[in-house]
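Here is the file start04.pdb (PDB, C-alpha atoms).
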ATOM      1  CA  MET A   1     -23.593 -25.574   9.235  1.00  0.00           C
ATOM      2  CA  GLN A   2     -21.978 -22.993  11.495  1.00  0.00           C
ATOM      3  CA  ALA A   3     -18.563 -24.601  10.952  1.00  0.00           C
ATOM      4  CA  ILE A   4     -18.932 -24.276   7.175  1.00  0.00           C
ATOM      5  CA  GLY A   5     -19.881 -20.609   7.567  1.00  0.00           C
ATOM      6  CA  ARG A   6     -16.857 -19.933   9.769  1.00  0.00           C
ATOM      7  CA  VAL A   7     -14.496 -21.614   7.289  1.00  0.00           C
ATOM      8  CA  VAL A   8     -15.939 -19.618   4.398  1.00  0.00           C
ATOM      9  CA  ILE A   9     -15.665 -16.327   6.326  1.00  0.00           C
ATOM     10  CA  LEU A  10     -12.073 -17.134   7.322  1.00  0.00           C
ATOM     11  CA  ALA A  11     -11.202 -17.899   3.683  1.00  0.00           C
ATOM     12  CA  LEU A  12     -12.798 -14.602   2.644  1.00  0.00           C
ATOM     13  CA  LEU A  13     -10.773 -12.663   5.217  1.00  0.00           C
ATOM     14  CA  LEU A  14      -7.504 -14.352   4.300  1.00  0.00           C
ATOM     15  CA  SER A  15      -8.028 -13.865   0.578  1.00  0.00           C
ATOM     16  CA  SER A  16      -8.480 -10.120   1.043  1.00  0.00           C
ATOM     17  CA  CYS A  17      -5.371  -9.429   3.163  1.00  0.00           C
ATOM     18  CA  ASN A  18      -2.422 -10.511   1.009  1.00  0.00           C
ATOM     19  CA  TYR A  19      -0.919  -7.438  -0.669  1.00  0.00           C
ATOM     20  CA  ALA A  20       2.568  -6.742  -1.904  1.00  0.00           C
ATOM     21  CA  THR A  21       4.152  -3.622  -0.377  1.00  0.00           C
ATOM     22  CA  SER A  22       7.570  -1.962  -0.477  1.00  0.00           C
ATOM     23  CA  THR A  23       8.813  -4.589   1.986  1.00  0.00           C
ATOM     24  CA  THR A  24       6.597  -7.602   1.161  1.00  0.00           C
ATOM     25  CA  TYR A  25       7.222  -9.771  -1.880  1.00  0.00           C
ATOM     26  CA  ARG A  26       4.937 -12.448  -3.319  1.00  0.00           C
ATOM     27  CA  ALA A  27       6.285 -15.988  -3.485  1.00  0.00           C
ATOM     28  CA  SER A  28       6.157 -15.795  -7.306  1.00  0.00           C
ATOM     29  CA  GLU A  29       8.705 -12.926  -7.218  1.00  0.00           C
ATOM     30  CA  VAL A  30      11.331 -14.848  -5.270  1.00  0.00           C
ATOM     31  CA  GLY A  31      14.263 -16.046  -7.373  1.00  0.00           C
ATOM     32  CA  ARG A  32      13.194 -14.108 -10.466  1.00  0.00           C
ATOM     33  CA  PRO A  33      14.863 -11.017 -11.893  1.00  0.00           C
ATOM     34  CA  ILE A  34      12.912  -7.816 -11.290  1.00  0.00           C
ATOM     35  CA  GLU A  35      13.298  -4.910 -13.717  1.00  0.00           C
ATOM     36  CA  THR A  36      14.614  -1.914 -11.754  1.00  0.00           C
ATOM     37  CA  GLU A  37      14.798   1.748 -12.776  1.00  0.00           C
ATOM     38  CA  GLN A  38      16.231   4.739 -10.924  1.00  0.00           C
ATOM     39  CA  ALA A  39      14.083   7.802 -10.266  1.00  0.00           C
ATOM     40  CA  ARG A  40      13.583  10.685  -7.841  1.00  0.00           C
ATOM     41  CA  VAL A  41      10.531  11.434  -5.675  1.00  0.00           C
ATOM     42  CA  ILE A  42       8.795  14.690  -6.591  1.00  0.00           C
ATOM     43  CA  SER A  43       5.932  14.242  -4.122  1.00  0.00           C
ATOM     44  CA  ALA A  44       4.281  11.557  -2.015  1.00  0.00           C
ATOM     45  CA  ARG A  45       0.984  11.296  -0.170  1.00  0.00           C
ATOM     46  CA  ILE A  46      -1.088   8.670   1.592  1.00  0.00           C
ATOM     47  CA  VAL A  47      -4.186   7.648  -0.388  1.00  0.00           C
ATOM     48  CA  ARG A  48      -7.131   5.289   0.072  1.00  0.00           C
ATOM     49  CA  ILE A  49      -7.308   2.240  -2.217  1.00  0.00           C
ATOM     50  CA  ALA A  50     -10.870   1.052  -2.845  1.00  0.00           C
ATOM     51  CA  GLY A  51     -11.138  -2.701  -2.547  1.00  0.00           C
ATOM     52  CA  GLU A  52     -12.265  -4.994  -5.316  1.00  0.00           C
ATOM     53  CA  ALA A  53     -14.056  -8.294  -5.111  1.00  0.00           C
ATOM     54  CA  ASN A  54     -13.262 -11.458  -7.026  1.00  0.00           C
ATOM     55  CA  ALA A  55     -15.296 -14.663  -7.161  1.00  0.00           C
ATOM     56  CA  VAL A  56     -14.449 -15.714  -3.576  1.00  0.00           C
ATOM     57  CA  GLY A  57     -16.739 -13.208  -1.817  1.00  0.00           C
ATOM     58  CA  PRO A  58     -19.887 -13.763  -3.868  1.00  0.00           C
ATOM     59  CA  LEU A  59     -19.434 -17.538  -3.997  1.00  0.00           C
ATOM     60  CA  ALA A  60     -18.803 -17.754  -0.262  1.00  0.00           C
ATOM     61  CA  GLY A  61     -21.727 -15.472   0.613  1.00  0.00           C
ATOM     62  CA  GLY A  62     -24.081 -17.267  -1.746  1.00  0.00           C
ATOM     63  CA  ALA A  63     -23.057 -20.729  -0.538  1.00  0.00           C
ATOM     64  CA  VAL A  64     -23.426 -19.874   3.149  1.00  0.00           C
ATOM     65  CA  ALA A  65     -26.785 -18.143   2.687  1.00  0.00           C
ATOM     66  CA  ALA A  66     -28.266 -20.870   0.445  1.00  0.00           C
ATOM     67  CA  THR A  67     -26.985 -23.725   2.617  1.00  0.00           C
ATOM     68  CA  THR A  68     -28.165 -22.129   5.847  1.00  0.00           C
ATOM     69  CA  THR A  69     -31.588 -21.289   4.413  1.00  0.00           C
ATOM     70  CA  GLY A  70     -31.948 -24.768   2.923  1.00  0.00           C
ATOM     71  CA  ALA A  71     -31.110 -26.362   6.265  1.00  0.00           C
ATOM     72  CA  PHE A  72     -33.778 -24.415   8.143  1.00  0.00           C
ATOM     73  CA  THR A  73     -36.660 -24.405   5.660  1.00  0.00           C
ATOM     74  CA  ARG A  74     -38.982 -27.213   4.625  1.00  0.00           C
ATOM     75  CA  GLY A  75     -41.843 -27.485   2.198  1.00  0.00           C
ATOM     76  CA  ARG A  76     -42.621 -26.654  -1.400  1.00  0.00           C
ATOM     77  CA  ASN A  77     -40.849 -23.303  -1.448  1.00  0.00           C
ATOM     78  CA  ALA A  78     -37.667 -24.373   0.345  1.00  0.00           C
ATOM     79  CA  GLY A  79     -35.656 -24.539  -2.897  1.00  0.00           C
ATOM     80  CA  LEU A  80     -36.875 -21.138  -4.044  1.00  0.00           C
ATOM     81  CA  LEU A  81     -36.093 -19.586  -0.671  1.00  0.00           C
ATOM     82  CA  ALA A  82     -32.604 -21.133  -0.722  1.00  0.00           C
ATOM     83  CA  LEU A  83     -32.036 -19.769  -4.239  1.00  0.00           C
ATOM     84  CA  LEU A  84     -33.163 -16.264  -3.255  1.00  0.00           C
ATOM     85  CA  ALA A  85     -31.054 -16.381  -0.088  1.00  0.00           C
ATOM     86  CA  GLY A  86     -28.094 -17.500  -2.205  1.00  0.00           C
ATOM     87  CA  LEU A  87     -28.505 -14.485  -4.495  1.00  0.00           C
ATOM     88  CA  VAL A  88     -28.755 -12.085  -1.560  1.00  0.00           C
ATOM     89  CA  GLY A  89     -25.781 -13.822   0.095  1.00  0.00           C
ATOM     90  CA  ALA A  90     -23.732 -13.497  -3.099  1.00  0.00           C
ATOM     91  CA  GLY A  91     -24.403  -9.757  -3.161  1.00  0.00           C
ATOM     92  CA  ALA A  92     -23.525  -9.445   0.514  1.00  0.00           C
ATOM     93  CA  GLY A  93     -20.345 -11.477  -0.050  1.00  0.00           C
ATOM     94  CA  TYR A  94     -19.333  -9.193  -2.911  1.00  0.00           C
ATOM     95  CA  VAL A  95     -19.814  -6.057  -0.796  1.00  0.00           C
ATOM     96  CA  ALA A  96     -18.093  -7.625   2.235  1.00  0.00           C
ATOM     97  CA  GLN A  97     -15.050  -8.680   0.238  1.00  0.00           C
ATOM     98  CA  ALA A  98     -14.734  -5.268  -1.409  1.00  0.00           C
ATOM     99  CA  GLN A  99     -14.965  -3.534   1.981  1.00  0.00           C
ATOM    100  CA  LEU A 100     -12.495  -5.927   3.602  1.00  0.00           C
ATOM    101  CA  SER A 101      -9.954  -5.230   0.858  1.00  0.00           C
ATOM    102  CA  ASN A 102     -10.079  -1.429   1.293  1.00  0.00           C
ATOM    103  CA  ARG A 103      -6.647  -0.241   2.400  1.00  0.00           C
ATOM    104  CA  GLU A 104      -4.165   2.615   2.451  1.00  0.00           C
ATOM    105  CA  GLY A 105      -1.626   3.227  -0.259  1.00  0.00           C
ATOM    106  CA  ILE A 106       1.081   5.741  -1.058  1.00  0.00           C
ATOM    107  CA  GLU A 107       0.914   7.761  -4.256  1.00  0.00           C
ATOM    108  CA  TYR A 108       4.345   8.714  -5.584  1.00  0.00           C
ATOM    109  CA  VAL A 109       4.942  11.285  -8.322  1.00  0.00           C
ATOM    110  CA  LEU A 110       8.368  10.410  -9.727  1.00  0.00           C
ATOM    111  CA  GLU A 111      10.863  11.888 -12.147  1.00  0.00           C
ATOM    112  CA  VAL A 112      12.660   9.240 -14.197  1.00  0.00           C
ATOM    113  CA  PRO A 113      16.114   9.856 -15.763  1.00  0.00           C
ATOM    114  CA  ASP A 114      14.751  10.676 -19.229  1.00  0.00           C
ATOM    115  CA  GLY A 115      12.851  13.622 -17.687  1.00  0.00           C
ATOM    116  CA  ARG A 116       9.372  12.081 -17.770  1.00  0.00           C
ATOM    117  CA  THR A 117       7.107  12.360 -14.734  1.00  0.00           C
ATOM    118  CA  ILE A 118       5.165   9.252 -13.730  1.00  0.00           C
ATOM    119  CA  THR A 119       2.753   8.441 -10.913  1.00  0.00           C
ATOM    120  CA  LEU A 120       2.823   5.118  -9.100  1.00  0.00           C
ATOM    121  CA  VAL A 121       0.492   4.032  -6.278  1.00  0.00           C
ATOM    122  CA  GLN A 122       1.657   1.188  -4.076  1.00  0.00           C
ATOM    123  CA  ASN A 123       0.130  -0.602  -1.109  1.00  0.00           C
ATOM    124  CA  ARG A 124       1.173   0.891   2.221  1.00  0.00           C
ATOM    125  CA  ALA A 125       2.605  -1.395   4.891  1.00  0.00           C
ATOM    126  CA  ARG A 126       1.350  -0.719   8.423  1.00  0.00           C
ATOM    127  CA  ASN A 127       2.664   2.704   9.575  1.00  0.00           C
ATOM    128  CA  GLU A 128       4.977   2.982   6.544  1.00  0.00           C
ATOM    129  CA  PRO A 129       5.924   6.640   6.048  1.00  0.00           C
ATOM    130  CA  PRO A 130       5.995   8.048   2.503  1.00  0.00           C
ATOM    131  CA  ILE A 131       9.466   8.592   1.063  1.00  0.00           C
ATOM    132  CA  ALA A 132      10.444  12.285   1.218  1.00  0.00           C
ATOM    133  CA  ALA A 133      10.492  14.499  -1.869  1.00  0.00           C
ATOM    134  CA  GLY A 134      13.917  14.672  -3.488  1.00  0.00           C
ATOM    135  CA  THR A 135      14.952  11.194  -2.343  1.00  0.00           C
ATOM    136  CA  PRO A 136      16.574   8.974  -4.996  1.00  0.00           C
ATOM    137  CA  ILE A 137      14.549   5.766  -5.331  1.00  0.00           C
ATOM    138  CA  LEU A 138      14.350   2.562  -7.327  1.00  0.00           C
ATOM    139  CA  ILE A 139      11.199   1.461  -9.151  1.00  0.00           C
ATOM    140  CA  GLN A 140      10.931  -2.333  -9.195  1.00  0.00           C
ATOM    141  CA  GLY A 141       8.533  -3.890 -11.678  1.00  0.00           C
ATOM    142  CA  SER A 142       7.762  -7.571 -11.872  1.00  0.00           C
ATOM    143  CA  GLY A 143       4.856  -7.596 -14.286  1.00  0.00           C
ATOM    144  CA  ARG A 144       1.906  -7.609 -11.904  1.00  0.00           C
ATOM    145  CA  TYR A 145       3.178  -5.160  -9.291  1.00  0.00           C
ATOM    146  CA  ALA A 146       5.577  -2.230  -9.185  1.00  0.00           C
ATOM    147  CA  ARG A 147       7.062  -0.939  -5.958  1.00  0.00           C
ATOM    148  CA  VAL A 148       9.088   2.096  -4.898  1.00  0.00           C
ATOM    149  CA  ILE A 149      12.031   1.643  -2.531  1.00  0.00           C
ATOM    150  CA  VAL A 150      14.746   4.027  -1.362  1.00  0.00           C
ATOM    151  CA  ASP A 151      17.898   3.611  -3.465  1.00  0.00           C
ATOM    152  CA  PRO A 152      20.209   1.657  -1.125  1.00  0.00           C
ATOM    153  CA  THR A 153      23.203   3.647  -2.394  1.00  0.00           C
ATOM    154  CA  TYR A 154      21.608   6.920  -1.223  1.00  0.00           C
ATOM    155  CA  ALA A 155      23.030   8.461   1.954  1.00  0.00           C
ATOM    156  CA  PRO A 156      20.831  11.259   3.291  1.00  0.00           C
ATOM    157  CA  PRO A 157      22.670  14.536   3.942  1.00  0.00           C
ATOM    158  CA  ALA A 158      23.963  14.985   7.476  1.00  0.00           C
ATOM    159  CA  PRO A 159      22.070  17.550   9.535  1.00  0.00           C
ATOM    160  CA  ALA A 160      23.656  20.992   9.714  1.00  0.00           C
ATOM    161  CA  PRO A 161      25.709  21.530  12.892  1.00  0.00           C
ATOM    162  CA  ALA A 162      24.118  23.675  15.585  1.00  0.00           C
ATOM    163  CA  PRO A 163      25.555  27.190  15.912  1.00  0.00           C
ATOM    164  CA  ALA A 164      28.214  27.579  18.596  1.00  0.00           C
ATOM    165  CA  PRO A 165      27.131  29.390  21.762  1.00  0.00           C
ATOM    166  CA  SER A 166      28.272  32.990  22.143  1.00  0.00           C
ATOM    167  CA  PRO A 167      31.294  33.693  24.389  1.00  0.00           C
ATOM    168  CA  SER A 168      28.987  35.287  26.987  1.00  0.00           C
ATOM    169  CA  GLY A 169      27.196  31.952  27.379  1.00  0.00           C
ATOM    170  CA  GLY A 170      23.912  33.287  26.026  1.00  0.00           C
ATOM    171  CA  ALA A 171      22.174  32.557  22.774  1.00  0.00           C
ATOM    172  CA  PRO A 172      24.317  32.365  19.636  1.00  0.00           C
ATOM    173  CA  SER A 173      25.108  35.757  18.164  1.00  0.00           C
ATOM    174  CA  ALA A 174      23.330  36.728  14.969  1.00  0.00           C
ATOM    175  CA  ALA A 175      26.327  38.808  13.841  1.00  0.00           C
ATOM    176  CA  LEU A 176      28.736  37.079  11.514  1.00  0.00           C
ATOM    177  CA  PRO A 177      32.496  37.699  11.658  1.00  0.00           C
ATOM    178  CA  ALA A 178      33.832  40.109   9.037  1.00  0.00           C
ATOM    179  CA  PRO A 179      35.540  38.479   6.070  1.00  0.00           C
ATOM    180  CA  ALA A 180      39.359  38.444   6.347  1.00  0.00           C
ATOM    181  CA  HIS A 181      39.841  40.995   3.548  1.00  0.00           C
ATOM    182  CA  LEU A 182      37.623  43.600   5.291  1.00  0.00           C
ATOM    183  CA  PRO A 183      38.554  45.472   8.505  1.00  0.00           C
ATOM    184  CA  ALA A 184      36.675  44.375  11.612  1.00  0.00           C
ATOM    185  CA  ALA A 185      33.998  46.737  12.932  1.00  0.00           C
ATOM    186  CA  ALA A 186      35.139  48.863  15.879  1.00  0.00           C
TER     187      ALA A 186
END
For the structure just supplied, provide its representation as structure tokens.
Amino acid sequence: MQAIGRVVILALLLSSCNYATSTTYRASEVGRPIETEQARVISARIVRIAGEANAVGPLAGGAVAATTTGAFTRGRNAGLLALLAGLVGAGAGYVAQAQLSNREGIEYVLEVPDGRTITLVQNRARNEPPIAAGTPILIQGSGRYARVIVDPTYAPPAPAPAPAPSPSGGAPSAALPAPAHLPAAA
């Protein structure tokens, strides 16, 4: 009985951890064209995605609870107790699966070329930073999932050079040289 419970719990855990992200593709997406649209990030923030349960959690919880109760009870009410335990287990399985599928996401507010503003929330890979505002991106949509990735043709601007040290070796001077058409200050 314990082995069955462990297998069911493992299946529940594995079924709740497979999410597409900006760097993870589902097997069904491989080898298929993905519609892609250019856009620009207006803002981005990390958000919490509330998990959802499918049939796996309640079925697993109900099966484990009913089977375990049925194995340890005897008598006239054993079937009723197993049924009640199965119902409670199904509820617990639903809640457990929903909680196990809670995760972080990134909410992007995007400006598309026709001037519209859209919002897209995608699953966040572990420690994935949000894309900075102003960055050109691509929106990939494959029917079930849309993802935001940095446009691979985008080259971020080079950082501004540091000011040259002053001739006296101290901090850079705040005074700017006079333009060539004006006389220098005495």
Requested in this report: Name the residues in contact with Thr23 in chain A at a cut-off of 9 Å, using all atoms listed in the file, excluding same-chain residues fewer than 6 positions from it; report them as number ranges by chain.
Outcome: A: 125, 147, 149
**Report entry** Contact residues around Gln122 in chain A with all atoms listed in the file at 10 Å, ignoring same-chain residues under 6 positions, as JSON, numbers by chain
**Finding:** {"A": [19, 20, 21, 22, 46, 47, 49, 104, 105, 106, 107, 108, 145, 146, 147, 148]}
Requested in this report: Write out as a PyMOL selection string the residues lying within 12 Å of Glu29 in chain A, counting all atoms listed in the file and excluding same-chain residues fewer than 2 positions away.
Outcome: chain A and resi 20+24-27+31-35+140-146
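Comparing the minimum interatomic distances between Pro130 in chain A and each of A:Ala39, A:Ala155, A:Val150, A:Val112, counting all atoms listed in the file, we find that A:Val150 sits nearest.
A straight line drawn from CA of Ala66 in chain A to CA of Leu81 in chain A is 8.0 Å long.
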Requested in this report: Figure out the distance between CA of Pro152 in chain A and CA of Pro113 in chain A, please, to one decimal in Å.
Outcome: 17.3 Å
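Going from CA of Arg48 in chain A over to CA of Pro129 in chain A, you cover 14.4 Å.
Distances to Gln38 in chain A were evaluated for A:Glu128, A:Thr73, A:Glu111, A:Ala82 using all atoms listed in the file, and the minimum falls at A:Glu111.
For the residues A:Thr67, A:Ser43, A:Ser28, A:Asn102, ranking by smallest atom-to-atom distance to Gly86 in chain A using all atoms listed in the file places A:Thr67 first.
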Requested in this report: Skip Thr135 in chain A itself and residues of its chain fewer than 5 positions away, then list as a ChimeraX atom specification all residues within 9 Å of it, counting only C-alpha atoms.
Outcome: /A:39-42,150-151,154,156
Query raised in the report: Pick the closest to Thr68 in chain A from A:Ala50, A:Gly115, A:Thr153, A:Gly89: which is it, counting all atoms listed in the file?
Result: A:Gly89
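Of the listed residues (A:Ala160, A:Ile139, A:Ala63, A:Ala85), A:Ile139 comes nearest to Leu110 in chain A; the distances count only C-alpha atoms.
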